[in-house]
Amino acid sequence: MVNKCEQHRKLALAIRLIKRNLRTSIVAVHTNLSATQLRTLYHEIHGHASVSGMFPESDRLFASHQRALEASIILTAYLNCAGADALRRIDIEALLRAHDFYMDVRQECTGLNQSAIDLTMAWILARDLRSCVVDLRTCPCGIRFAVHEQQRIRAHCPVCGLPPLSTANAAAHSFTPPVPTDAGHLTDRFC
């Protein structure tokens, strides 16, 4: 028999994730609630059925420099929050904090012509980082940026335009979670 407190914790997490439009199949992974429970909950919260079908691929975020920069912000913040665990499993709480940070940064930007990366796509980025489809590389200027194995744009720093110091894949997982030297005070409130 499952502990009542644990049931309530899982339900509260499911509600938080569904309110942010995370796909119910992903919510099920993090809460162990049934698909039927989650679909009903989604309908109660949003007034319509949840999205179904195949997940979008993360490579579509690497078709423009703006999107690649946004993916880099999310993944760098996620690694700051989750630490080494990000390479073993998806830490949903760390991902929520990273996505919140990304949304705050994005709100400060002007001239963005595309909609924000949603939580489902942020989860897909975290999954692809863990499976080495996405890599974080370091530019000589010190910025960490995301690169997709099938990206359509040249792999270079989205800030200064230089190529990365190393093209070694993240499969070795030898990198440590990045801590931006100039933005450390911003990430402190989320991690």
# chains A, B, ... in the order shown; residues from 1 in each chain; ligands from 1

$ residues_around --residues "Glu70 (chain A)" --least-positions-apart "6" --cutoff "9 Å" --atoms "only C-alpha atoms" --output "list in words"
Leu61, Tyr102, Arg106, Ala116 and Ile117 of chain A

$ write_last_selection --atoms "C-alpha atoms" --output "PDB file, in the first residue's frame"
ATOM      1  CA  LEU A  61      15.685  23.872 -32.107  1.00  0.00           C
ATOM      2  CA  TYR A 102      14.959  30.631 -19.126  1.00  0.00           C
ATOM      3  CA  ARG A 106      13.600  35.517 -22.306  1.00  0.00           C
ATOM      4  CA  ALA A 116       9.210  30.341 -26.065  1.00  0.00           C
ATOM      5  CA  ILE A 117      10.514  26.806 -25.743  1.00  0.00           C
TER       6      ILE A 117
END

$ closest_residue --among "A:Gln66, A:Ser50, A:Ser72, A:Thr110" --to "Lys19 (chain A)" --atoms "only C-alpha atoms"
A:Ser50

$ closest_residue --among "A:Gly142, A:Gly83, A:Pro56, A:Gly47" --to "Ile18 (chain A)" --atoms "only C-alpha atoms"
A:Gly47

$ residues_around --residues "His43 (chain A)" --least-positions-apart "5" --cutoff "12 Å" --atoms "only C-alpha atoms" --output "MDAnalysis selection string"
chainID A and resid 15 18:19 21 24 36:38 48:51

$ write_last_selection --atoms "N, CA, C and O atoms" --output "PDB file, in the first residue's frame"
ATOM      1  N   ILE A  15      -0.091  17.909 -10.869  1.00  0.00           N
ATOM      2  CA  ILE A  15      -0.860  19.136 -11.100  1.00  0.00           C
ATOM      3  C   ILE A  15       0.069  20.260 -11.546  1.00  0.00           C
ATOM      4  O   ILE A  15      -0.230  20.978 -12.503  1.00  0.00           O
ATOM      5  N   ILE A  18       1.188  19.475 -15.168  1.00  0.00           N
ATOM      6  CA  ILE A  18       0.092  19.598 -16.129  1.00  0.00           C
ATOM      7  C   ILE A  18      -0.301  21.057 -16.322  1.00  0.00           C
ATOM      8  O   ILE A  18      -0.592  21.482 -17.445  1.00  0.00           O
ATOM      9  N   LYS A  19      -0.266  21.839 -15.265  1.00  0.00           N
ATOM     10  CA  LYS A  19      -0.563  23.272 -15.413  1.00  0.00           C
ATOM     11  C   LYS A  19       0.418  23.939 -16.363  1.00  0.00           C
ATOM     12  O   LYS A  19       0.096  24.929 -17.011  1.00  0.00           O
ATOM     13  N   ASN A  21       1.583  22.461 -18.974  1.00  0.00           N
ATOM     14  CA  ASN A  21       1.359  21.794 -20.262  1.00  0.00           C
ATOM     15  C   ASN A  21       2.383  20.722 -20.613  1.00  0.00           C
ATOM     16  O   ASN A  21       2.599  20.444 -21.788  1.00  0.00           O
ATOM     17  N   THR A  24       1.331  14.435 -20.821  1.00  0.00           N
ATOM     18  CA  THR A  24       0.921  13.518 -19.755  1.00  0.00           C
ATOM     19  C   THR A  24       1.779  12.259 -19.711  1.00  0.00           C
ATOM     20  O   THR A  24       1.991  11.695 -18.636  1.00  0.00           O
ATOM     21  N   THR A  36      -4.864   7.167 -17.371  1.00  0.00           N
ATOM     22  CA  THR A  36      -6.268   7.574 -17.226  1.00  0.00           C
ATOM     23  C   THR A  36      -6.402   8.691 -16.205  1.00  0.00           C
ATOM     24  O   THR A  36      -7.093   9.689 -16.455  1.00  0.00           O
ATOM     25  N   GLN A  37      -5.745   8.549 -15.063  1.00  0.00           N
ATOM     26  CA  GLN A  37      -5.774   9.603 -14.038  1.00  0.00           C
ATOM     27  C   GLN A  37      -5.245  10.916 -14.603  1.00  0.00           C
ATOM     28  O   GLN A  37      -5.828  11.975 -14.379  1.00  0.00           O
ATOM     29  N   LEU A  38      -4.153  10.842 -15.338  1.00  0.00           N
ATOM     30  CA  LEU A  38      -3.510  12.049 -15.842  1.00  0.00           C
ATOM     31  C   LEU A  38      -4.330  12.712 -16.944  1.00  0.00           C
ATOM     32  O   LEU A  38      -4.419  13.936 -17.001  1.00  0.00           O
ATOM     33  N   HIS A  48      -9.764  20.686 -21.958  1.00  0.00           N
ATOM     34  CA  HIS A  48      -9.686  19.955 -23.223  1.00  0.00           C
ATOM     35  C   HIS A  48      -8.717  18.802 -23.050  1.00  0.00           C
ATOM     36  O   HIS A  48      -7.985  18.716 -22.059  1.00  0.00           O
ATOM     37  N   ALA A  49      -8.721  17.906 -24.027  1.00  0.00           N
ATOM     38  CA  ALA A  49      -7.858  16.727 -23.963  1.00  0.00           C
ATOM     39  C   ALA A  49      -6.391  17.130 -24.100  1.00  0.00           C
ATOM     40  O   ALA A  49      -6.064  18.153 -24.709  1.00  0.00           O
ATOM     41  N   SER A  50      -5.550  16.292 -23.551  1.00  0.00           N
ATOM     42  CA  SER A  50      -4.106  16.536 -23.653  1.00  0.00           C
ATOM     43  C   SER A  50      -3.614  16.211 -25.056  1.00  0.00           C
ATOM     44  O   SER A  50      -4.248  15.471 -25.802  1.00  0.00           O
ATOM     45  N   VAL A  51      -2.462  16.774 -25.399  1.00  0.00           N
ATOM     46  CA  VAL A  51      -1.840  16.516 -26.692  1.00  0.00           C
ATOM     47  C   VAL A  51      -1.345  15.078 -26.708  1.00  0.00           C
ATOM     48  O   VAL A  51      -0.806  14.582 -25.720  1.00  0.00           O
TER      49      VAL A  51
END
